[in-house]
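Peer 1: Got protein.cif for you, mmCIF, C-alpha atoms:
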```
data_input
#
loop_
_atom_site.label_atom_id
_atom_site.label_comp_id
_atom_site.auth_asym_id
_atom_site.auth_seq_id
_atom_site.Cartn_x
_atom_site.Cartn_y
_atom_site.Cartn_z
CA MET F 167 0.00 0.00 0.00
CA ALA F 168 1.31 3.47 -0.91
CA THR F 169 2.75 5.66 1.84
CA THR F 170 0.44 8.56 2.72
CA VAL F 171 1.52 11.86 4.25
CA ILE F 172 -1.26 13.92 5.85
CA LEU F 173 -0.51 17.61 6.27
CA GLY F 174 -2.44 18.82 9.28
CA ALA F 175 -2.94 16.83 12.49
CA GLY F 176 -6.23 18.45 13.49
CA ILE F 177 -9.40 16.41 13.78
CA ILE F 178 -9.85 16.06 9.98
CA GLY F 179 -6.28 14.88 9.38
CA THR F 180 -6.29 12.64 12.43
CA SER F 181 -9.66 11.11 11.48
CA THR F 182 -8.30 10.38 8.01
CA ALA F 183 -5.24 8.68 9.49
CA TYR F 184 -7.46 6.70 11.86
CA TYR F 185 -9.59 5.26 9.06
CA LEU F 186 -6.63 4.74 6.71
CA SER F 187 -4.95 2.62 9.37
CA LYS F 188 -7.85 0.17 9.30
CA HIS F 189 -6.89 -0.95 5.77
CA GLN F 190 -3.14 -0.39 5.42
CA PRO F 191 -0.07 -0.65 7.64
CA ALA F 192 -0.22 2.24 10.08
CA THR F 193 3.54 2.69 9.75
CA SER F 194 2.95 3.82 6.15
CA ILE F 195 0.91 6.82 7.38
CA HIS F 196 2.51 10.09 8.47
CA LEU F 197 0.85 13.05 10.21
CA VAL F 198 2.61 16.43 9.96
CA GLU F 199 1.67 19.34 12.24
CA PRO F 200 3.55 22.68 12.42
CA SER F 201 1.84 24.17 15.48
CA PRO F 202 3.91 23.71 18.66
CA GLU F 203 0.65 22.92 20.48
CA LEU F 204 -1.61 20.23 19.07
CA PHE F 205 -5.29 21.06 18.45
CA ALA F 206 -4.68 24.75 19.13
CA SER F 207 -7.36 26.00 16.71
CA ALA F 208 -10.83 24.72 15.80
CA SER F 209 -10.11 21.06 16.62
CA GLY F 210 -9.62 22.01 20.25
CA TYR F 211 -11.69 25.17 20.58
CA ALA F 212 -14.89 24.47 18.62
CA GLY F 213 -18.26 23.88 20.24
CA GLY F 214 -18.44 20.12 19.67
CA PHE F 215 -22.07 20.16 18.49
CA LEU F 216 -23.02 17.19 16.29
CA ALA F 217 -25.98 17.11 13.90
CA LYS F 218 -27.31 14.38 11.65
CA ASP F 219 -29.45 16.23 9.14
CA TRP F 220 -28.79 19.97 9.25
CA PHE F 221 -26.95 20.02 5.94
CA SER F 222 -27.51 21.01 2.33
CA PRO F 223 -28.15 18.25 -0.25
CA ALA F 224 -24.50 18.34 -1.35
CA SER F 225 -23.22 17.31 2.07
CA ALA F 226 -26.31 15.57 3.49
CA GLU F 227 -24.97 12.03 3.09
CA LEU F 228 -21.63 12.98 4.58
CA GLY F 229 -23.32 14.61 7.57
CA ALA F 230 -25.54 11.59 8.23
CA LEU F 231 -22.63 9.16 7.85
CA SER F 232 -20.47 11.16 10.23
CA PHE F 233 -23.19 11.38 12.86
CA GLU F 234 -23.57 7.60 12.76
CA GLU F 235 -19.78 7.13 12.98
CA HIS F 236 -19.71 9.36 16.06
CA ARG F 237 -22.40 7.22 17.69
CA ARG F 238 -20.68 3.94 16.80
CA LEU F 239 -17.29 5.09 18.01
CA ALA F 240 -18.73 6.40 21.28
CA GLU F 241 -20.52 3.10 21.93
CA LYS F 242 -17.42 1.06 21.10
CA GLU F 243 -14.86 3.15 22.97
CA ASP F 244 -16.86 4.54 25.93
CA GLY F 245 -17.06 7.99 24.39
CA ALA F 246 -19.36 9.26 27.15
CA ARG F 247 -16.51 8.95 29.62
CA LYS F 248 -13.53 9.62 27.36
CA TRP F 249 -14.71 12.62 25.33
CA GLY F 250 -18.06 13.65 26.78
CA TYR F 251 -20.29 12.15 24.09
CA SER F 252 -23.91 12.81 25.05
CA ARG F 253 -27.30 12.97 23.45
CA SER F 254 -28.54 16.53 23.13
CA THR F 255 -31.58 18.65 22.35
CA SER F 256 -31.42 21.78 20.21
CA ILE F 257 -33.60 24.72 21.09
CA SER F 258 -33.96 28.25 19.80
CA LEU F 259 -34.52 31.28 21.98
CA SER F 260 -36.08 34.34 20.44
CA PRO F 261 -37.59 37.43 22.06
CA ALA F 262 -41.37 37.26 22.18
CA THR F 263 -41.55 40.55 20.28
CA ASN F 264 -39.18 39.53 17.51
CA GLU F 265 -40.38 37.11 14.82
CA ARG F 266 -37.51 37.87 12.42
CA ARG F 267 -35.96 34.81 10.78
CA VAL F 268 -32.47 34.66 9.37
CA ASP F 269 -30.74 32.69 6.66
CA VAL F 270 -28.68 29.57 7.25
CA TRP F 271 -25.46 30.18 9.22
CA CYS F 272 -23.12 32.46 7.33
CA ARG F 273 -20.32 34.93 7.83
CA ASP F 274 -22.41 37.94 8.75
CA GLY F 275 -23.52 36.48 12.06
CA ALA F 276 -26.75 34.68 11.15
CA SER F 277 -27.74 31.67 13.22
CA ARG F 278 -27.19 28.14 11.91
CA ALA F 279 -30.34 27.15 13.80
CA GLU F 280 -32.14 27.98 10.56
CA ALA F 281 -30.62 24.80 9.13
CA ALA F 282 -32.29 22.69 11.82
CA SER F 283 -34.47 19.84 10.62
CA GLY F 284 -36.91 19.61 13.53
CA ASP F 285 -40.47 20.92 13.66
CA GLN F 286 -40.22 24.47 15.03
CA SER F 287 -43.96 25.15 15.19
CA SER F 288 -44.53 24.61 18.93
CA SER F 289 -42.99 26.36 21.94
CA ILE F 290 -41.87 24.70 25.19
CA ALA F 291 -40.56 25.68 28.60
CA ALA F 292 -36.88 26.58 28.75
CA PRO F 293 -34.44 24.10 30.35
CA SER F 294 -34.32 24.62 34.11
CA TRP F 295 -30.67 25.72 34.08
CA LEU F 296 -31.52 28.75 31.93
CA LYS F 297 -32.86 32.00 33.35
CA GLU F 298 -36.53 32.67 32.70
CA ARG F 299 -36.53 35.70 30.38
CA GLY F 300 -39.90 35.40 28.69
CA ASP F 301 -38.36 34.15 25.42
CA ILE F 302 -40.15 31.99 22.91
CA VAL F 303 -38.46 28.59 23.29
CA ARG F 304 -38.72 26.04 20.49
CA VAL F 305 -37.23 22.59 20.06
CA ILE F 306 -35.55 22.58 16.65
CA SER F 307 -34.13 19.04 16.51
CA ASP F 308 -35.80 15.67 16.25
CA GLU F 309 -35.01 13.10 18.91
CA GLY F 310 -31.75 11.26 18.30
CA THR F 311 -30.47 13.67 15.63
CA VAL F 312 -28.10 15.89 17.64
CA ALA F 313 -25.37 15.16 20.14
CA GLN F 314 -22.50 16.81 22.01
CA VAL F 315 -18.79 16.09 22.47
CA ASP F 316 -15.71 17.78 23.87
CA PRO F 317 -13.74 18.24 20.62
CA LEU F 318 -10.33 18.46 22.29
CA GLN F 319 -10.82 15.18 24.13
CA LEU F 320 -12.11 13.51 20.96
CA SER F 321 -9.16 14.80 18.93
CA GLN F 322 -6.71 13.58 21.55
CA PHE F 323 -8.36 10.17 21.63
CA LEU F 324 -8.19 9.75 17.85
CA LEU F 325 -4.54 10.80 17.75
CA GLN F 326 -3.61 8.35 20.50
CA LYS F 327 -5.37 5.52 18.65
CA CYS F 328 -3.35 6.40 15.55
CA LEU F 329 -0.07 6.49 17.47
CA ASP F 330 -0.84 3.22 19.24
CA ALA F 331 -1.45 1.61 15.83
CA GLY F 332 1.91 2.85 14.51
CA VAL F 333 1.05 6.06 12.64
CA LYS F 334 4.05 8.42 12.68
CA LEU F 335 3.59 11.96 13.98
CA HIS F 336 5.99 14.70 12.90
CA HIS F 337 5.50 17.55 15.38
CA PRO F 338 6.24 20.38 15.29
CA ALA F 339 7.18 20.07 11.64
CA LYS F 340 6.12 21.32 8.25
CA ALA F 341 6.29 20.15 4.66
CA ILE F 342 8.64 22.37 2.70
CA SER F 343 8.95 20.75 -0.73
CA ILE F 344 8.11 17.77 -2.90
CA GLN F 345 10.25 15.86 -5.35
CA ALA F 346 9.31 13.90 -8.46
CA ASP F 347 10.79 10.74 -9.94
CA VAL F 348 12.11 10.24 -13.48
CA ARG F 349 8.53 10.08 -14.76
CA ASN F 350 7.80 13.50 -13.18
CA GLU F 351 5.44 11.86 -10.68
CA LEU F 352 5.31 12.83 -7.01
CA SER F 353 7.66 10.51 -5.13
CA THR F 354 9.05 12.27 -2.02
CA ILE F 355 8.08 14.98 0.42
CA CYS F 356 10.58 16.89 2.54
CA ILE F 357 9.58 17.50 6.17
CA ALA F 358 11.42 20.05 8.32
CA ASP F 359 11.45 19.85 12.09
CA THR F 360 10.70 23.42 13.17
CA ARG F 361 12.66 23.11 16.43
CA SER F 362 15.86 21.49 15.24
CA SER F 363 15.70 22.62 11.58
CA THR F 364 16.57 19.07 10.52
CA GLU F 365 15.02 17.91 7.26
CA THR F 366 13.72 14.43 6.43
CA ASP F 367 12.77 13.10 3.00
CA ILE F 368 9.79 10.77 3.19
CA PRO F 369 9.17 8.60 0.12
CA CYS F 370 5.44 8.87 -0.57
CA THR F 371 3.00 8.97 -3.46
CA ASN F 372 -0.15 10.08 -1.59
CA VAL F 373 -0.41 13.52 0.00
CA VAL F 374 -3.48 14.75 1.88
CA ILE F 375 -3.86 18.45 2.66
CA ALA F 376 -6.06 18.70 5.75
CA ALA F 377 -4.65 21.84 7.31
CA GLY F 378 -7.94 23.64 7.89
CA ALA F 379 -7.76 27.37 7.26
CA TRP F 380 -4.05 26.99 6.52
CA SER F 381 -4.64 24.61 3.58
CA PRO F 382 -4.16 27.25 0.82
CA HIS F 383 -0.80 28.21 2.31
CA VAL F 384 0.31 24.57 2.53
CA PHE F 385 -0.67 23.93 -1.09
CA GLY F 386 1.11 27.07 -2.28
CA GLN F 387 4.27 26.11 -0.39
CA LEU F 388 4.43 22.65 -1.94
CA PHE F 389 3.29 23.53 -5.45
CA PRO F 390 4.72 27.01 -6.12
CA MET F 391 4.39 26.65 -9.90
CA SER F 392 0.66 25.96 -9.72
CA GLN F 393 -1.75 28.66 -10.87
CA LEU F 394 -4.46 27.26 -8.59
CA ARG F 395 -5.56 29.20 -5.54
CA LEU F 396 -7.56 26.95 -3.28
CA PRO F 397 -11.05 28.44 -2.76
CA VAL F 398 -10.80 28.35 1.03
CA SER F 399 -10.70 31.31 3.40
CA SER F 400 -10.67 31.68 7.17
CA LEU F 401 -13.32 32.72 9.66
CA ALA F 402 -12.25 33.71 13.16
CA GLY F 403 -14.48 33.00 16.12
CA HIS F 404 -14.15 33.78 19.82
CA SER F 405 -15.47 31.44 22.49
CA LEU F 406 -15.80 31.10 26.22
CA VAL F 407 -16.10 28.04 28.48
CA VAL F 408 -17.60 28.55 31.94
CA LYS F 409 -18.83 26.48 34.87
CA SER F 410 -22.18 27.22 36.46
CA PRO F 411 -23.77 25.71 39.58
CA LYS F 412 -27.03 25.68 37.62
CA TRP F 413 -25.70 23.08 35.15
CA THR F 414 -25.31 20.03 37.36
CA TRP F 415 -24.54 16.33 37.09
CA GLU F 416 -28.26 15.63 37.47
CA HIS F 417 -28.95 17.80 34.42
CA GLU F 418 -26.25 15.96 32.43
CA GLN F 419 -27.95 12.63 33.02
CA ARG F 420 -30.99 13.92 31.12
CA GLY F 421 -28.86 15.07 28.18
CA CYS F 422 -27.14 18.22 27.02
CA HIS F 423 -28.66 21.22 25.24
CA ALA F 424 -27.65 23.31 22.25
CA VAL F 425 -29.17 26.76 22.59
CA PHE F 426 -29.33 29.01 19.53
CA MET F 427 -30.29 32.61 20.19
CA GLU F 428 -31.45 35.47 18.07
CA SER F 429 -29.74 38.72 18.94
CA SER F 430 -30.72 42.32 18.48
CA GLN F 431 -27.03 43.08 17.89
CA PRO F 432 -26.00 42.92 14.20
CA GLY F 433 -23.58 40.16 13.33
CA TYR F 434 -24.02 38.25 16.58
CA SER F 435 -26.17 35.14 17.04
CA PRO F 436 -25.02 33.41 20.25
CA GLU F 437 -24.69 29.63 20.45
CA ILE F 438 -24.57 28.01 23.91
CA PHE F 439 -23.74 24.34 24.40
CA SER F 440 -23.98 22.56 27.72
CA ARG F 441 -21.40 19.78 27.99
CA THR F 442 -20.67 16.98 30.40
CA GLY F 443 -18.22 17.78 33.17
CA GLY F 444 -20.18 20.86 34.22
CA HIS F 445 -18.98 23.01 31.34
CA ILE F 446 -20.99 25.48 29.25
CA TYR F 447 -19.56 26.73 25.94
CA ILE F 448 -20.63 29.98 24.29
CA ALA F 449 -19.69 31.42 20.91
CA GLY F 450 -21.26 33.31 18.01
CA LEU F 451 -18.91 36.23 17.40
CA ASN F 452 -17.30 35.63 14.01
CA SER F 453 -15.03 37.73 11.81
CA ALA F 454 -13.88 37.16 8.24
CA THR F 455 -11.41 40.06 8.43
CA GLU F 456 -9.19 38.74 11.21
CA LEU F 457 -5.80 37.86 9.73
CA LEU F 458 -4.78 34.21 9.89
CA PRO F 459 -1.62 33.78 11.99
CA VAL F 460 1.36 31.75 10.81
CA VAL F 461 0.65 28.93 13.27
CA ALA F 462 -2.32 28.22 15.53
CA THR F 463 -0.47 28.90 18.78
CA ASP F 464 -0.10 32.54 17.74
CA LEU F 465 -3.87 32.89 18.29
CA LYS F 466 -3.54 33.37 22.03
CA GLY F 467 -2.12 36.83 21.60
CA LYS F 468 -4.97 37.84 19.32
CA ILE F 469 -7.88 37.19 21.68
CA SER F 470 -10.08 40.29 21.85
CA GLN F 471 -11.10 41.24 25.36
CA PHE F 472 -14.01 43.18 23.88
CA ALA F 473 -15.31 39.97 22.26
CA ILE F 474 -14.79 37.94 25.43
CA ASN F 475 -16.64 40.52 27.52
CA ARG F 476 -19.52 40.43 25.07
CA LEU F 477 -19.74 36.66 25.43
CA ARG F 478 -19.56 36.97 29.21
CA GLU F 479 -22.46 39.40 29.26
CA THR F 480 -24.54 37.06 27.12
CA VAL F 481 -23.94 34.02 29.28
CA LYS F 482 -24.65 36.03 32.44
CA ASP F 483 -27.92 37.20 30.91
CA VAL F 484 -28.96 33.71 29.86
CA LEU F 485 -27.96 31.99 33.09
CA GLY F 486 -28.91 34.83 35.42
CA GLU F 487 -25.58 34.72 37.25
CA GLU F 488 -22.94 37.35 37.95
CA ASP F 489 -20.07 35.23 39.25
CA LEU F 490 -19.24 32.56 36.72
CA GLU F 491 -16.08 30.47 36.82
CA VAL F 492 -14.29 31.03 33.51
CA VAL F 493 -12.57 27.81 32.44
CA ARG F 494 -11.12 29.03 29.16
CA GLU F 495 -11.16 31.92 26.71
CA GLY F 496 -10.57 30.99 23.10
CA LEU F 497 -10.10 32.10 19.51
CA CYS F 498 -9.99 29.74 16.57
CA PHE F 499 -10.00 29.97 12.78
CA ARG F 500 -12.33 27.77 10.74
CA PRO F 501 -11.86 27.03 7.03
CA VAL F 502 -14.81 28.19 4.92
CA THR F 503 -15.80 28.12 1.27
CA ASP F 504 -18.05 30.50 -0.62
CA GLY F 505 -20.66 27.77 -1.09
CA GLY F 506 -20.68 26.82 2.58
CA THR F 507 -19.81 23.17 1.89
CA PRO F 508 -16.53 21.36 2.51
CA ILE F 509 -14.14 20.12 -0.16
CA LEU F 510 -13.39 16.38 -0.20
CA SER F 511 -11.53 15.74 -3.40
CA ARG F 512 -8.51 14.57 -5.28
CA ILE F 513 -6.77 17.57 -6.82
CA PRO F 514 -6.39 16.92 -10.56
CA ASP F 515 -2.78 16.67 -11.66
CA LYS F 516 -3.24 19.57 -14.08
CA TYR F 517 -3.50 21.93 -11.09
CA LEU F 518 -0.22 20.84 -9.50
CA GLY F 519 1.97 22.76 -11.90
CA PRO F 520 3.74 22.15 -15.20
CA SER F 521 5.51 18.82 -15.71
CA LEU F 522 4.29 17.35 -12.44
CA GLY F 523 1.90 14.47 -11.97
CA THR F 524 0.99 11.65 -9.63
CA ARG F 525 0.51 7.94 -9.99
CA PRO F 526 -3.00 6.67 -10.77
CA ALA F 527 -5.19 6.05 -7.72
CA PRO F 528 -4.87 4.27 -5.38
CA SER F 529 -1.11 4.27 -5.90
CA GLY F 530 -0.83 8.05 -5.75
CA GLY F 531 -2.52 11.43 -5.70
CA VAL F 532 -2.81 14.79 -3.97
CA TYR F 533 -6.02 15.13 -1.95
CA LEU F 534 -7.82 17.96 -0.18
CA ALA F 535 -10.11 17.76 2.87
CA THR F 536 -11.06 21.15 4.30
CA GLY F 537 -13.66 23.94 4.24
CA HIS F 538 -16.06 22.50 6.82
CA GLY F 539 -16.87 25.86 8.41
CA PRO F 540 -18.73 25.38 11.71
CA TRP F 541 -19.27 21.67 11.01
CA GLY F 542 -15.70 20.37 11.23
CA ILE F 543 -16.25 18.38 14.42
CA SER F 544 -19.64 17.08 13.33
CA MET F 545 -18.35 15.96 9.91
CA SER F 546 -14.91 14.84 11.07
CA LEU F 547 -15.37 11.09 11.31
CA GLY F 548 -17.39 10.86 8.09
CA THR F 549 -14.76 12.93 6.30
CA GLY F 550 -11.96 10.71 7.59
CA LYS F 551 -13.80 7.57 6.52
CA VAL F 552 -14.65 8.82 3.03
CA MET F 553 -11.18 10.27 2.43
CA ALA F 554 -9.59 6.97 3.44
CA GLU F 555 -11.87 5.13 1.02
CA MET F 556 -11.10 7.62 -1.75
CA ILE F 557 -7.35 7.34 -1.25
CA GLN F 558 -7.39 3.54 -1.03
CA GLY F 559 -9.66 3.10 -4.04
CA ARG F 560 -12.54 1.56 -2.08
CA GLU F 561 -16.27 2.17 -2.49
CA LEU F 562 -17.30 5.42 -0.81
CA SER F 563 -19.70 5.24 2.14
CA ALA F 564 -21.33 8.56 1.16
CA ASP F 565 -21.95 10.42 -2.06
CA VAL F 566 -19.55 13.38 -1.97
CA SER F 567 -19.51 14.01 -5.71
CA ARG F 568 -20.81 17.56 -5.20
CA LEU F 569 -18.00 18.27 -2.73
CA ALA F 570 -15.26 17.88 -5.34
CA LEU F 571 -12.84 20.72 -5.98
CA ASN F 572 -14.54 23.07 -8.40
CA VAL F 573 -12.37 25.85 -9.83
#
```
Mind converting the file's structure to structure tokens?
Peer 2:
Amino acid sequence: MATTVILGAGIIGTSTAYYLSKHQPATSIHLVEPSPELFASASGYAGGFLAKDWFSPASAELGALSFEEHRRLAEKEDGARKWGYSRSTSISLSPATNERRVDVWCRDGASRAEAASGDQSSSIAAPSWLKERGDIVRVISDEGTVAQVDPLQLSQFLLQKCLDAGVKLHHPAKAISIQADVRNELSTICIADTRSSTETDIPCTNVVIAAGAWSPHVFGQLFPMSQLRLPVSSLAGHSLVVKSPKWTWEHEQRGCHAVFMESSQPGYSPEIFSRTGGHIYIAGLNSATELLPVVATDLKGKISQFAINRLRETVKDVLGEEDLEVVREGLCFRPVTDGGTPILSRIPDKYLGPSLGTRPAPSGGVYLATGHGPWGISMSLGTGKVMAEMIQGRELSADVSRLALNV
């Protein structure tokens, strides 16, 4: 089986390595991650909300497959204990005087609750851990179609399974160049250790770019003669994790909640997720103008105290508490596409640059898995499974034909 190098050891890259290792020697799989801290962006700082059927037709099968893979993995590996897997219920909160509806989640701050599949016609009482504010409360998910995880714990679990199987992790390291053989086909990739500056040539014929918002930079670095600019941009989002005495172990036993709010403030639609372990996650402040740092660990110096204070005020208002224990403040960058759907695709050889090709699949190829927007955690396992099947030339478990690279 051909050696595969995966560029990006976030949850998409790690999921791909995990599923690849089921059908080829794990020692033939390499994960490369430049950030000094693993899972320092969306893979560790996202909300961890999972949905089965909140997706457009192009990614519907992938979303459903991934949701089922999350359930299966949690049942097999005790996900409830190891990464906080829990059933959930999605609800929307809207002021009783405001019947405005917004489009599906997008960059200008609209709520992704509009993508929900559940019947939103009837109102209910708010969960007991929320403050009574007189809002209209609606359940917007059908039973068994949404769930919750801690994305950092899930990412760490998947990586450890890969390492235990024999997958090789290069960290912190980055890919700096590729070499071709006498037939001008991709044959080697050069990896540089960013601490020691030592370089290692890894013979490989399969390369997977799964570097999230950094994927265009990675592609440009490796294929400088290509005229292709990957159609992926970045979206910054602040988040806050708090502990509240109102969200208790007894509440957790009845399941978590995903709370989607309408806001009177332009560009801000708060999302609040209760998690196991007593944690409550809040986000909803997004910016497409924030500059992407060189590596994910540089994000910590870019956290906006104004944004964090805004999130604090929201969670205080919703919970009715003044003194909340702040567990973590965060900022992450998510990869987005103009169409709002991810890219799961082999990159045609013609886009790699003049006089450069790859071996026919499954012996070789350059692949791309990115652009998941706010759904990276939810779609992670399905993406890893389908990408592994694509690379290894097996039948795909979901129709992702409309998620191919289209330039």
Peer 1: On this file, the PyMOL selection byres ((chain F and resi 228-243) around 6) gives some set of residues; write that set as a VMD selection string.
Peer 2: chain F and resid 218 225 to 227 244 to 245 545 547 to 548 564
Peer 1: Find, counting only C-alpha atoms, the residue in F:Val502, F:Ile302, F:Ile177, F:Ile257 that gets nearest to Leu320 (chain F).
Peer 2: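 Distance minimum relative to Leu320 (chain F) lands on F:Ile177.
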Peer 1: Between CA of Ser307 (chain F) and CA of Ala424 (chain F), what is the distance in Å, rounded to a tenth?
Peer 2: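 Going from CA of Ser307 (chain F) over to CA of Ala424 (chain F) covers 9.7 Å.
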Peer 1: Could you list, as an MDAnalysis selection string, every residue matched by the PyMOL selection byres ((chain F and resi 337) around 10) in this structure?
Peer 2: chainID F and resid 175 197:204 334:336 338:340 358:361
Peer 1: Just the residues within 12 Å of Leu457 (chain F), please, counting only C-alpha atoms, with nothing from its chain fewer than 4 positions along; format it as a count of residues only.
Peer 2: 15
Peer 1: Rounded to one decimal place, report the CA of Cys370 (chain F)-CA of Thr169 (chain F) distance in Å.
Peer 2: 4.8 Å
